[in-house]
Structure formats: C-alpha cells, structure tokens
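Structure first, then comments.
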Amino acid sequence: MKEKKELQSTPSIWRNGRFRRMFAAHTAASFGDWFDAIAIQVLVAYRWEADPMMIALIPVVMALPGLLLGSIAGTLADRVHKARLMIVCDAAIALLTLAILAVPGPAWLLPLLGLRAAAGVFQMPSQQGLTRTVVASDDLFRATSLNGLVNQASKVAGPLLGAMTLTVLSPQACIILNALLRLCSGLLLWPLRGIGPALVSADQQAVAAGQQGKSAAHTAPEADEAKMREEHVRASRFFNQWREGWAFLWRSRMLLHTLIFGLFGLIAILMIDYQFPTLLRVLAPGNESLLGWLVSAIGAGAVGCMLVLNRLNRISAGWGLGGGYVLVGGAIAALGWAQPGTGFPVLLMIGAVLGVGNGLYIITQNYILQAKTPADMVGRVFGIQSTVIGAIMVVSPLAGGVLIRIAGAGTAFVWIGMTVGILGLAGLLLQSVIWRESLADSSLTTEQNADLA
C-alpha cells in the first residue's frame with residue numbers, strides 16, 4: 001500500500017516502464033491466445049466435424065478451473081509476488097499448449113484445455129492486482145482501457161493472422177506460435193519479479209512470530225510445535241482474507257449490482273459464445289476462413305469503441321453496461337436471422353456492432369471493479385468474478401448445445417440475442433436504480449478514481 005500511495009501520475013502512461021513491460025507481455029499473451037483459439041475451433045468444428053454438444057464441452061472444461069479455483073487464485077494473488085505468479089503461469093500454459101499437438105481427437109483435447117485454463121485462472125487476478133500496484137490512481141482508467149484495447153486488438157490481428165497461417169500451414173502451426181508468445185510474455189515480466197505482494201506486513205509478522213518461537217526452542221518437539229503454529233497462522237490468515245473479499249463485495253452496492261447485471265447477461269451470451277462455427281457452417285459451408293474474418297470484425301468494433309473511450313476518459317455505468325448489452329444482443333439476433341448466401345460485408349458489419357457493444361461493456365465493468373476496490377482487495381474481487389464466470393460456463397454452454405440441437409443454430413441465436421438486448425434495455429431505463437451509488441458522480445472519471453484510492 002505504501003508503494004501505491006507514492007505513485008505519481010505522469011503526462012503519458014508510456015513513461016511508466018513497469019506498465020510498458022506489463023502491456024507488452026499482455027499483448028504477446030493475448031495475440032497467442034487468439035492464434036490458438038481459431039486453430040482449436042477449426043480443428044474441432046471443421047476438421048473433426050464435432051457436433052454442438054462436443055463443441056459445448058470445450059468452454060465447460062475451460063470454465064471448471066475458474067469455478068473451483070477462482071476465489072483461491074484471487075486471494076493468493078493478493079499475498080504473493082504477482083509477477084512471479086504470472087511468469088509461472090505463462091510457462092505452464094506454454095508447455096500445455098505444446099502438449100495439444102499430440103492429441104488425436106476432442107476427447108483427448110478436453111483435459112489439456114482444462115489444465116491450461118487452470119493456469120490462466122491464477123494469472124488474471126495477478127495481472128489486475130499488479131496493474132493496480134504499478135499504475136498511479138490518476139492513470140488507472142487509461143491503463144484499464146489500454147489493457148482492454150489489447151484484448152480486442154488481438155481479436156482483429158490474431159484471427160486474421162491465424163486464418164492466413166491456417167491457409168498456408170496448419171492449425172498445429174498456430175498452436176506452436178501461441179506457445180512461443182507465452183514464453184515471450186514470461187520473459188518480458190521477468191524484471192518485475194521483485195515487486196512484492198500488497199499484504200506482506202501481516203504475513204511478515206506471522207513469520208517473525210514463528211521465527212521467535214524457533215529461536216527460543218531448544219528441543220526438536222518445541223521447534224515442530226512452533227512450525228505448526230506458524231503454518232496455522234498462515235492458513236487462518238489466508239481464509240480470513242478470502243472471507244473478507246466476499247464480505248467487501250457484499251457490502252459494496254456498486255460492485256455487487258455490476259457483477260449481478262453481468263451475471264444475467266453472461267448466462268445468455270455464453271450459451272452461444274463457442275457455437276459461432278456451428279452457425280457459420282450453415283451460412284457458409286466449408287469456408288473455414290469466415291470464422292477468422294468474423295472474429296476480426298468483432299475485435300475491430302471493440303478496438304474502435306475503446307479508442308473513443310480512452311480519449312473521452314469517462315463513461316456512465318448505465319450507458320456502458322446497459323448500452324453495451326443492447327448492441328451485443330442486437331448483433332447476435334441479426335446473425336441468427338441471417339440466411340445462407342448473406343453478403344460477406346453484411347456479416348462483417350454485424351460483427352463490428354457486436355464488438356462495439358462488447359468493448360463498451362468490458363471497459364466499463366473492469367473500470368468499476370478496479371476503481372471501487374481498494375488496492376489490497378483487487379485480486380480477491382477479480383478472483384470472485386472468475387468464480388462466478390466459471391459457474392456460469394459450466395452450465396450455459398451445455399444448455400446452448402441442447403438449445404441448438406432442438407431449435408437449430410439460427411433460432412437459438414435469435415432467442416439469445418433478444419434476451420441480451422432486453423436486459424441491456426432494462427439497464428438503460430433503470431440505471432438510476434441499479435447503479436444509484438454512481439449517479440452522484442455518474443461519470444467514471446480519473447478524478448473519481450483519485451478520490452477512491
């Protein structure tokens with residue numbers, strides 16, 4: 001906390017060398033993930049011709065680690081050296097990605113994807129917490145926007161480069177590129193490994209108490225007893241911090257309502273999030289590159305939205321969250337209404353609108369979660385968010401697979417899109433009720449963030 005209070009805002013966030021390293025590492029990892037995602041979807045949907053239920057199992061196995069480990073990962077991220085944890089995760093992801101090259105089919109692919117997702121669960125809250133540690137309060141909105149910008153920019157270049165690589169080489173080449181980029185991410189973070197955890201003082205006191213017990217001990221039994229006491233203190237402290245994270249979230253009206261609003265939208269969106277190849281096989285059979293183009297259009301729309309938000313440096317909660325869902329829902333429904341032979345430019349335009357809504361929602365949500373959370377609890381709050389998303393992803397994709405089997409891909413997209421759009425409209429109309437706390441200072445500005453720090 002002391003280090004955080006001494007941070008000063010700079011005329012340009014790019015003068016912050018630590019943030020530059022984090023930004024470069026995040027860029028490498030994000031681009032690698034999209035190389036990999038396109039390759040895996042092509043393998044499963046086009047090469048192995050898996051049915052919707054098998055495709056639905058992929059996000060489920062990737063979500064289980066978040067459900068089981070999300071809160072623990074967030075609590076751990078507040079206690080350890082965040083950059084070190086991120087480096088270990090990058091190395092694990094790279095090795096597990098290379099192991100995918102040896103799998104013969106979807107049944108063997110699922111366990112590896114689950115293990116790889118487990119490493120990612122520990123990385124996300126560490127990255128959010130490290131950002132909060134190395135970036136001054138007045139620069140936090142721009143840092144959040146830039147990190148989100150990378151996520152969406154990778155949706156533009158990643159799928160396009162992945163599609164080109166698939167045309168020239170193979171899905172396996174995309175998978176190898178992801179592993180190499182993950183290793184680059186770890187190397188970029190290496191100089192930051194000395195940045196300490198936010199919650200070191202209490203742990204140091206507990207360790208010191210244990211060491212005093214050891215120094216006073218003259219027999220082996222007494223030394224063992226002191227060690228057991230030290231381990232008990234650490235375990236108790238870890239549990240208390242995990243419980244404090246949930247208690248803080250429950251007391252914060254703004255954070256709680258933001259997560260609940262996102263929960264209902266994600267339940268619908270994640271039903272079809274991994275089923276785009278299923279729909280595109282109907283709209284354009286045999287055209288594997290269409291998936292890459294559509295995902296790139298979604299990313300381009302999000303990038304444009306985030307560039308505008310970064311310049312404005314403000315957005316109200318209602319328009320950001322509710323308006324984002326209106327655009328996302330409308331675009332999903334439009335894709336469902338599309339027929340075989342629909343023009344390529346029309347599909348790309350729909351994808352761009354979906355991306356604008358997605359960027360609007362993500363930036364607003366992440367900023368609220370960071371700005372309304374003390375620095376020493378950021379990891380725990382984002383860890384709780386991972387747990388919630390993990391729980392949704394266990395159920396929603398399977399429900400989406402069943403819905404597509406019963407009603408067809410197009411009809412399922414229309415129903416889900418209309419549901420999300422109606423939810424977003426409710427957010428716009430009822431924003432003074434849902435986000436009442438923010439309306440006294442409804443614009444999410446850097447001045448508000450400075451007051452919260």
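Chains: A, B, ... in order of the structure tokens. Residues: from 1 per chain. Ligands: from 1, in order shown.
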
- Item | Contacts of Trp246 (chain A) within 12 Å, only C-alpha atoms, excl. fewer than 6 positions in-chain, as a ChimeraX atom specification | /A:71-72,74-75,239-240,252,255-256,377-385,387-388

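Near region 10-24 of chain A, within a cut-off of 9 Å and counting only C-alpha atoms, sit the residues Gln8, His26, Thr27, Ala28, Ala29, Gln127, Leu130, Thr131, Val134, Val135, Ala136, Asp138, Asp139, Arg142, Ala143, Leu146, Asn147, Val150, Ser185, Leu188, Leu189, Pro191 and Leu192 of chain A, with same-chain residues fewer than 2 positions away left out.
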
Residues from last step as file, C-alpha atoms, as a PDB file, in the first residue's frame:
ATOM      1  CA  GLN A   8       2.523   9.860  -9.159  1.00  0.00           C
ATOM      2  CA  HIS A  26      -0.190  -8.884 -22.106  1.00  0.00           C
ATOM      3  CA  THR A  27      -0.070  -8.146 -25.838  1.00  0.00           C
ATOM      4  CA  ALA A  28       2.036 -11.228 -26.559  1.00  0.00           C
ATOM      5  CA  ALA A  29      -0.207 -13.489 -24.482  1.00  0.00           C
ATOM      6  CA  GLN A 127      -2.406  -9.087 -13.684  1.00  0.00           C
ATOM      7  CA  LEU A 130      -0.184  -5.788 -10.480  1.00  0.00           C
ATOM      8  CA  THR A 131      -1.733  -3.089 -12.667  1.00  0.00           C
ATOM      9  CA  VAL A 134       2.367  -0.154 -10.613  1.00  0.00           C
ATOM     10  CA  VAL A 135      -0.043   2.437 -12.058  1.00  0.00           C
ATOM     11  CA  ALA A 136      -0.930   5.710 -10.329  1.00  0.00           C
ATOM     12  CA  ASP A 138      -4.981   9.115 -11.991  1.00  0.00           C
ATOM     13  CA  ASP A 139      -3.694   6.806 -14.763  1.00  0.00           C
ATOM     14  CA  ARG A 142      -6.169   4.759 -19.239  1.00  0.00           C
ATOM     15  CA  ALA A 143      -4.331   1.623 -18.105  1.00  0.00           C
ATOM     16  CA  LEU A 146      -5.277   0.066 -22.899  1.00  0.00           C
ATOM     17  CA  ASN A 147      -5.351  -3.431 -21.426  1.00  0.00           C
ATOM     18  CA  VAL A 150      -5.071  -5.148 -26.367  1.00  0.00           C
ATOM     19  CA  SER A 185       5.287 -12.919 -22.142  1.00  0.00           C
ATOM     20  CA  LEU A 188       9.021  -9.645 -20.505  1.00  0.00           C
ATOM     21  CA  LEU A 189       7.651  -9.960 -16.959  1.00  0.00           C
ATOM     22  CA  PRO A 191      12.358  -7.882 -14.484  1.00  0.00           C
ATOM     23  CA  LEU A 192       9.157  -7.222 -12.456  1.00  0.00           C
TER      24      LEU A 192
END

- Message: What's around Thr411 (chain A) at 12 Å? Count only C-alpha atoms, leave out sequence neighbours fewer than 3 positions away in its own chain, and write the answer as an MDAnalysis selection string.
- Response: chainID A and resid 272 279 332:339 400 403:408 414:418

Any chance you could export the current selection's N, CA and C atoms as an mmCIF file, in the first residue's frame?
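Saved the output as result02.cif:
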data_model
loop_
_atom_site.group_PDB
_atom_site.id
_atom_site.type_symbol
_atom_site.label_atom_id
_atom_site.label_comp_id
_atom_site.auth_asym_id
_atom_site.auth_seq_id
_atom_site.Cartn_x
_atom_site.Cartn_y
_atom_site.Cartn_z
ATOM 1 N N ILE A 272 -24.002 -19.367 -26.533
ATOM 2 C CA ILE A 272 -23.643 -19.466 -27.957
ATOM 3 C C ILE A 272 -22.231 -18.955 -28.235
ATOM 4 N N LEU A 279 -22.928 -22.088 -36.363
ATOM 5 C CA LEU A 279 -23.771 -21.234 -37.194
ATOM 6 C C LEU A 279 -23.127 -20.980 -38.551
ATOM 7 N N ILE A 332 -26.194 -10.338 -32.093
ATOM 8 C CA ILE A 332 -26.363 -11.795 -32.030
ATOM 9 C C ILE A 332 -27.663 -12.210 -32.711
ATOM 10 N N ALA A 333 -28.739 -11.464 -32.443
ATOM 11 C CA ALA A 333 -30.020 -11.768 -33.086
ATOM 12 C C ALA A 333 -29.927 -11.602 -34.600
ATOM 13 N N ALA A 334 -29.222 -10.568 -35.066
ATOM 14 C CA ALA A 334 -29.071 -10.347 -36.503
ATOM 15 C C ALA A 334 -28.327 -11.499 -37.168
ATOM 16 N N LEU A 335 -27.306 -12.037 -36.499
ATOM 17 C CA LEU A 335 -26.602 -13.204 -37.052
ATOM 18 C C LEU A 335 -27.544 -14.398 -37.154
ATOM 19 N N GLY A 336 -28.413 -14.551 -36.163
ATOM 20 C CA GLY A 336 -29.370 -15.649 -36.208
ATOM 21 C C GLY A 336 -30.367 -15.511 -37.340
ATOM 22 N N TRP A 337 -30.752 -14.263 -37.671
ATOM 23 C CA TRP A 337 -31.688 -14.037 -38.766
ATOM 24 C C TRP A 337 -31.041 -14.192 -40.147
ATOM 25 N N ALA A 338 -29.705 -14.132 -40.205
ATOM 26 C CA ALA A 338 -29.011 -14.230 -41.491
ATOM 27 C C ALA A 338 -29.291 -15.584 -42.144
ATOM 28 N N GLN A 339 -29.303 -15.588 -43.466
ATOM 29 C CA GLN A 339 -29.574 -16.797 -44.239
ATOM 30 C C GLN A 339 -28.338 -17.185 -45.053
ATOM 31 N N GLY A 400 -26.784 -24.241 -24.156
ATOM 32 C CA GLY A 400 -26.773 -23.751 -25.521
ATOM 33 C C GLY A 400 -26.681 -24.866 -26.538
ATOM 34 N N LEU A 403 -30.077 -26.390 -26.777
ATOM 35 C CA LEU A 403 -30.987 -25.497 -27.492
ATOM 36 C C LEU A 403 -30.746 -25.550 -29.000
ATOM 37 N N ILE A 404 -29.487 -25.576 -29.409
ATOM 38 C CA ILE A 404 -29.176 -25.625 -30.835
ATOM 39 C C ILE A 404 -29.615 -26.950 -31.441
ATOM 40 N N ARG A 405 -29.459 -28.032 -30.709
ATOM 41 C CA ARG A 405 -29.927 -29.334 -31.198
ATOM 42 C C ARG A 405 -31.442 -29.331 -31.395
ATOM 43 N N ILE A 406 -32.169 -28.671 -30.493
ATOM 44 C CA ILE A 406 -33.630 -28.683 -30.553
ATOM 45 C C ILE A 406 -34.163 -27.700 -31.589
ATOM 46 N N ALA A 407 -33.662 -26.441 -31.541
ATOM 47 C CA ALA A 407 -34.245 -25.372 -32.355
ATOM 48 C C ALA A 407 -33.434 -25.015 -33.590
ATOM 49 N N GLY A 408 -32.181 -25.430 -33.640
ATOM 50 C CA GLY A 408 -31.319 -25.023 -34.742
ATOM 51 C C GLY A 408 -30.480 -23.825 -34.357
ATOM 52 N N VAL A 414 -31.164 -16.080 -32.390
ATOM 53 C CA VAL A 414 -32.187 -15.041 -32.315
ATOM 54 C C VAL A 414 -32.744 -14.932 -30.905
ATOM 55 N N TRP A 415 -33.111 -16.045 -30.307
ATOM 56 C CA TRP A 415 -33.688 -16.025 -28.956
ATOM 57 C C TRP A 415 -32.705 -15.447 -27.947
ATOM 58 N N ILE A 416 -31.465 -15.888 -28.020
ATOM 59 C CA ILE A 416 -30.468 -15.438 -27.045
ATOM 60 C C ILE A 416 -30.142 -13.968 -27.267
ATOM 61 N N GLY A 417 -30.038 -13.552 -28.517
ATOM 62 C CA GLY A 417 -29.765 -12.151 -28.795
ATOM 63 C C GLY A 417 -30.853 -11.234 -28.276
ATOM 64 N N MET A 418 -32.105 -11.626 -28.473
ATOM 65 C CA MET A 418 -33.215 -10.802 -27.972
ATOM 66 C C MET A 418 -33.209 -10.730 -26.451
#

Taken to one decimal, the CA of Leu177 (chain A)-CA of Gly32 (chain A) distance is 6.5 Å

One residue among A:Pro374, A:Gly318, A:Ala91, A:Arg281 is nearest to Thr133 (chain A) when using only C-alpha atoms, and that residue is A:Pro374

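The environment of Leu57 (chain A) within 8 Å, counting only C-alpha atoms and disregarding residues fewer than 6 places along the same chain, consists of Leu110, Pro397 and Leu398 of chain A.
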
Go ahead and save the residues from that selection, with N, CA and C atoms, as a PDB file, in the first residue's frame.
ATOM      1  N   LEU A 110      -9.868 -32.201 -24.388  1.00  0.00           N
ATOM      2  CA  LEU A 110     -10.560 -31.568 -23.267  1.00  0.00           C
ATOM      3  C   LEU A 110      -9.734 -31.510 -21.978  1.00  0.00           C
ATOM      4  N   PRO A 397     -22.955 -23.201 -21.647  1.00  0.00           N
ATOM      5  CA  PRO A 397     -22.623 -23.805 -22.942  1.00  0.00           C
ATOM      6  C   PRO A 397     -23.370 -25.102 -23.202  1.00  0.00           C
ATOM      7  N   LEU A 398     -23.547 -25.926 -22.167  1.00  0.00           N
ATOM      8  CA  LEU A 398     -24.280 -27.179 -22.344  1.00  0.00           C
ATOM      9  C   LEU A 398     -25.742 -26.892 -22.668  1.00  0.00           C
TER      10      LEU A 398
END

Which neighbours of region 60-68 of chain A fall inside 8 Å, counting only C-alpha atoms, when residues of the same chain fewer than 4 positions from it are skipped, and could you give them as a PyMOL selection string? chain A and resi 56+110-111+113-118+121+386-391+393-395+397-398

Using only C-alpha atoms, the shortest atom-to-atom distance to Arg436 (chain A) among A:Arg132, A:Arg243, A:His257, A:Arg251 belongs to A:His257

### Task
Do a neighbour search on Leu429 (chain A) at 12 Å with only C-alpha atoms, toss out local chain neighbours closer than 3 positions, and write the hits as a ChimeraX atom specification.
/A:317-319,321-323,326,422-426,432-435

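Considering only C-alpha atoms, the residue among A:Ser289, A:Thr373, A:Ser145, A:Thr419 positioned nearest to Leu161 (chain A) is A:Ser289.
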
With only C-alpha atoms as the counted atoms, please give the residues lying no more than 8 Å from Asn358 (chain A), apart from itself and same-chain residues fewer than 5 positions off, as a list in words. Ala302, Gly324, Tyr325, Leu327 and Val328 of chain A

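Considering the residues A:Cys305, A:Val346, A:Val103, A:Ile298 and counting only C-alpha atoms, Gly359 (chain A) has its shortest atom-to-atom contact with A:Cys305.
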